Amino acid sequence: MDLAKVERVYTAYAKIYDRIFGKVFHEGRQSIIQNLNAQPHEKILEVGVGTGLALPMYPRHCQIVGIDFSEGMLDQAKQKAAEHQMGHVQLHRMDAGEMEFKDDSFDTVVAAYVVTAVPDYRKVVSEMIRVCRPGGRIIMLNHFANDNKIIAAVERVLSPLTKHLGWRTDLALQTVLDGTPLHVARKQNVNPLRLWALVECVNKKNVNGKTHINGVKNGNGAAAYAHINGTRLSEQASGQALG
């Protein structure tokens with residue numbers, strides 16, 4: 001499915017999306033925000049912000065940037081931002097596979113229901129890693145291929161059909177993560193039947209040959225997130241690195 005078709009599908013959904021999918025996927029979005037532990041002035045990017053359903057849930061002490069390729073979806077998000085007087089929110093039309101932001105621009109990157117709805121998930125994940133600072137967080141909320149072989153087989157059969165609706169059902173989480181510097185810190189099943197996964201990753205990309213685990217202050221005093229044995233430890237960034 002090419003980018004133009006994705007844009008057409010989701011622009012067609014724009015005015016009815018909240019009524020059809022809002023309540024169904026609300027638990028997942030709420031879980032992201034509740035576990036965010038966002039620090040004052042933390043810079044958060046939401047990739048595929050859609051109609052902006054999550055925007056009112058973010059704390060106002062953060063800087064939120066939302067991007068989407070669908071003009072129709074983005075118009076709905078802009079209306080919400082205006083209605084709720086969200087001065088801390090910026091919204092831009094942008095291709096998630098070719099973002100216009102500088103490297104290491106954000107402390108946290110959130111992508112809800114995105115990686116299986118884009119033509120090239122590799123480009124999107126690569127871009128999320130690029131714009132997220134070392135030691136920052138990348139949080140994905142998505143349906144990934146089931147570990148159960150029977151269910152996975154059904155998902156593979158359904159995927160060509162669901163692509164016409166704007167997403168695929170046969171993409172495995174491990175496939176998304178392979179070859180990336182992302183390390184899973186937390187995984188939680190959410191939404192109806194627990195068929196969707198909220199996956200929080202640490203961005204352990206290399207900078208100057210060193211692997212950062214505690215992150216670097218990005219000029220805003222945001223907390224770094226060290227992950228040890230899957231447990232998140234929030235502390236002020238120390239700039240420490242391994243290597």
# chains A, B, ... in the order shown; residues from 1 in each chain; ligands from 1
$ residues_around --residues "Asp103 in chain A" --least-positions-apart "6" --cutoff "10 Å" --atoms "only C-alpha atoms" --output "PDB file with N, CA and C atoms, in the first residue's frame"
ATOM      1  N   GLU A 127      13.380   6.471  11.339  1.00  0.00           N
ATOM      2  CA  GLU A 127      13.220   7.901  11.570  1.00  0.00           C
ATOM      3  C   GLU A 127      12.892   8.202  13.033  1.00  0.00           C
ATOM      4  N   MET A 128      12.089   7.352  13.665  1.00  0.00           N
ATOM      5  CA  MET A 128      11.791   7.546  15.079  1.00  0.00           C
ATOM      6  C   MET A 128      13.062   7.445  15.909  1.00  0.00           C
ATOM      7  N   ILE A 129      13.914   6.487  15.572  1.00  0.00           N
ATOM      8  CA  ILE A 129      15.186   6.324  16.282  1.00  0.00           C
ATOM      9  C   ILE A 129      16.066   7.551  16.063  1.00  0.00           C
ATOM     10  N   ARG A 130      16.082   8.054  14.842  1.00  0.00           N
ATOM     11  CA  ARG A 130      16.943   9.211  14.517  1.00  0.00           C
ATOM     12  C   ARG A 130      16.542  10.459  15.304  1.00  0.00           C
ATOM     13  N   VAL A 131      15.242  10.748  15.374  1.00  0.00           N
ATOM     14  CA  VAL A 131      14.806  11.998  16.010  1.00  0.00           C
ATOM     15  C   VAL A 131      14.702  11.886  17.529  1.00  0.00           C
ATOM     16  N   CYS A 132      14.790  10.664  18.065  1.00  0.00           N
ATOM     17  CA  CYS A 132      14.759  10.446  19.513  1.00  0.00           C
ATOM     18  C   CYS A 132      16.187  10.459  20.044  1.00  0.00           C
ATOM     19  N   ARG A 133      16.408  11.153  21.129  1.00  0.00           N
ATOM     20  CA  ARG A 133      17.761  11.273  21.678  1.00  0.00           C
ATOM     21  C   ARG A 133      18.254   9.922  22.221  1.00  0.00           C
ATOM     22  N   PRO A 134      19.573   9.759  22.311  1.00  0.00           N
ATOM     23  CA  PRO A 134      20.120   8.537  22.929  1.00  0.00           C
ATOM     24  C   PRO A 134      19.614   8.403  24.362  1.00  0.00           C
TER      25      PRO A 134
END
$ closest_atom_pairs --of "range 42-124 of chain A" --to "range 189-197 of chain A" --cutoff "12 Å" --atoms "only C-alpha atoms" --output "Markdown table"
| residue | atom | partner | partner_atom | distance |
| --- | --- | --- | --- | --- |
| A:Ala111 | CA | A:Ala197 | CA | 11.8 |
| A:Ala112 | CA | A:Ala197 | CA | 10.0 |
| A:Tyr113 | CA | A:Trp196 | CA | 9.1 |
| A:Thr116 | CA | A:Trp196 | CA | 11.6 |
$ residues_around --residues "Val176 in chain A" --least-positions-apart "6" --cutoff "9 Å" --atoms "only C-alpha atoms" --output "ChimeraX atom specification"
/A:115,121-122,125
$ closest_residue --among "A:His41, A:His183, A:Lys123, A:Lys15" --to "Gln79 in chain A" --atoms "only C-alpha atoms"
A:Lys15
$ closest_residue --among "A:Ile20, A:Val6, A:Leu177, A:Ala38" --to "Val199 in chain A" --atoms "only C-alpha atoms"
A:Leu177
$ select_by_dssp --residues "range 28-182 of chain A" --states "strand (DSSP E or B)" --output "ChimeraX atom specification"
/A:43-47,63-68,89-93,106-112,132-142,182
$ closest_residue --among "A:Ala96, A:Ile139, A:Leu171, A:Leu198" --to "Gly48 in chain A" --atoms "only C-alpha atoms"
A:Ala96
$ select_by_dssp --residues "range 10-172 of chain A" --states "helix (DSSP H, G or I)" --output "compact mmCIF listing (two decimals) with C-alpha atoms, in the first residue's frame"
# COMPACT_ATOMS: atom_id res chain seq x y z
CA TYR A 10 -7.39 7.79 6.55
CA THR A 11 -8.73 11.07 5.21
CA ALA A 12 -11.92 9.15 4.37
CA TYR A 13 -12.00 7.90 7.97
CA TYR A 17 -12.81 7.75 13.11
CA ASP A 18 -13.54 8.85 16.68
CA ARG A 19 -17.00 7.26 16.67
CA ILE A 20 -15.81 3.95 15.21
CA PHE A 21 -12.40 3.47 16.83
CA HIS A 26 -9.05 4.23 24.22
CA GLU A 27 -7.54 1.86 26.79
CA GLY A 28 -4.30 1.60 24.86
CA ARG A 29 -3.88 5.35 24.48
CA GLN A 30 -4.75 5.91 28.12
CA SER A 31 -2.18 3.31 29.18
CA ILE A 32 0.55 5.15 27.27
CA ILE A 33 -0.15 8.45 29.02
CA GLN A 34 -0.67 6.95 32.48
CA LEU A 55 -3.80 15.03 22.92
CA PRO A 56 -6.06 16.06 25.85
CA MET A 57 -4.52 13.30 27.99
CA GLU A 71 -4.74 16.28 6.07
CA GLY A 72 -8.26 15.20 7.03
CA MET A 73 -7.13 13.53 10.26
CA LEU A 74 -4.89 16.47 11.09
CA ASP A 75 -7.78 18.91 10.67
CA GLN A 76 -9.68 17.01 13.36
CA ALA A 77 -6.64 17.12 15.65
CA LYS A 78 -6.27 20.87 15.12
CA GLN A 79 -9.92 21.36 16.11
CA LYS A 80 -9.33 19.45 19.37
CA ALA A 81 -6.20 21.47 20.11
CA ALA A 82 -8.13 24.71 19.61
CA GLU A 83 -11.15 23.57 21.64
CA TYR A 121 7.65 0.39 8.65
CA ARG A 122 11.47 0.17 8.47
CA LYS A 123 11.76 3.78 7.31
CA VAL A 124 9.35 4.97 9.99
CA VAL A 125 11.08 3.11 12.82
CA SER A 126 14.47 4.32 11.56
CA GLU A 127 13.22 7.90 11.57
CA MET A 128 11.79 7.55 15.08
CA ILE A 129 15.19 6.32 16.28
CA ARG A 130 16.94 9.21 14.52
CA VAL A 131 14.81 12.00 16.01
CA LYS A 149 0.88 -20.38 15.34
CA ILE A 150 -2.81 -20.95 14.54
CA ILE A 151 -3.80 -17.34 15.20
CA ALA A 152 -0.73 -16.14 13.30
CA ALA A 153 -1.77 -18.23 10.28
CA VAL A 154 -5.22 -16.61 10.34
CA GLU A 155 -3.60 -13.18 10.56
CA ARG A 156 -1.50 -13.90 7.48
CA VAL A 157 -4.64 -14.85 5.56
CA LEU A 158 -6.48 -11.71 6.70
CA SER A 159 -3.62 -9.29 6.09
CA PRO A 160 -4.15 -8.80 2.32
CA LEU A 161 -7.78 -7.90 3.10
CA THR A 162 -7.07 -5.55 6.00
CA LYS A 163 -4.50 -3.67 3.90
CA HIS A 164 -7.45 -2.25 1.96
CA LEU A 165 -8.77 -0.89 5.27
$ closest_residue --among "A:Val49, A:Leu3, A:Ile44, A:Met140" --to "Cys62 in chain A" --atoms "only C-alpha atoms"
A:Ile44
$ closest_residue --among "A:Leu36, A:Leu173, A:Val24, A:Met94" --to "Asn142 in chain A" --atoms "only C-alpha atoms"
A:Leu173
$ residues_around --residues "His92 in chain A" --least-positions-apart "2" --cutoff "8 Å" --atoms "only C-alpha atoms" --output "JSON, numbers by chain"
{"A": [65, 66, 67, 68, 74, 90, 94]}
$ atom_distance --atom1 "CA of Glu200 in chain A" --atom2 "CA of Asp120 in chain A"
20.7 Å
$ closest_residue --among "A:Arg93, A:Cys201, A:Asn35, A:Val110" --to "Ile64 in chain A" --atoms "only C-alpha atoms"
A:Val110
$ atom_distance --atom1 "CA of Gly52 in chain A" --atom2 "CA of Val9 in chain A"
17.0 Å
$ residues_around --residues "Asp107 in chain A" --least-positions-apart "3" --cutoff "8 Å" --atoms "only C-alpha atoms" --output "PyMOL selection string"
chain A and resi 42-44+104+132-133+136-137+218+222
$ write_last_selection --atoms "N, CA and C atoms" --output "compact mmCIF listing (two decimals), in the first residue's frame"
# COMPACT_ATOMS: atom_id res chain seq x y z
N GLU A 42 9.56 18.12 29.00
CA GLU A 42 9.94 16.99 28.16
C GLU A 42 9.35 17.17 26.76
N LYS A 43 10.15 16.86 25.76
CA LYS A 43 9.71 17.00 24.37
C LYS A 43 9.22 15.65 23.86
N ILE A 44 7.95 15.59 23.52
CA ILE A 44 7.32 14.33 23.11
C ILE A 44 6.80 14.47 21.68
N ASP A 104 17.94 13.71 17.26
CA ASP A 104 17.88 13.84 18.72
C ASP A 104 17.01 14.99 19.18
N CYS A 132 14.79 10.66 18.07
CA CYS A 132 14.76 10.45 19.51
C CYS A 132 16.19 10.46 20.04
N ARG A 133 16.41 11.15 21.13
CA ARG A 133 17.76 11.27 21.68
C ARG A 133 18.25 9.92 22.22
N GLY A 136 16.61 7.96 25.14
CA GLY A 136 15.19 8.33 25.17
C GLY A 136 14.30 7.12 24.97
N ARG A 137 13.00 7.39 24.94
CA ARG A 137 12.04 6.29 24.84
C ARG A 137 11.30 6.33 23.51
N ASN A 218 18.82 17.12 27.20
CA ASN A 218 18.61 17.70 25.88
C ASN A 218 18.32 19.19 25.99
N ALA A 222 15.01 17.11 31.10
CA ALA A 222 14.10 15.97 31.13
C ALA A 222 14.79 14.77 31.75
$ atom_distance --atom1 "CA of Val89 in chain A" --atom2 "CA of Ala4 in chain A"
26.2 Å
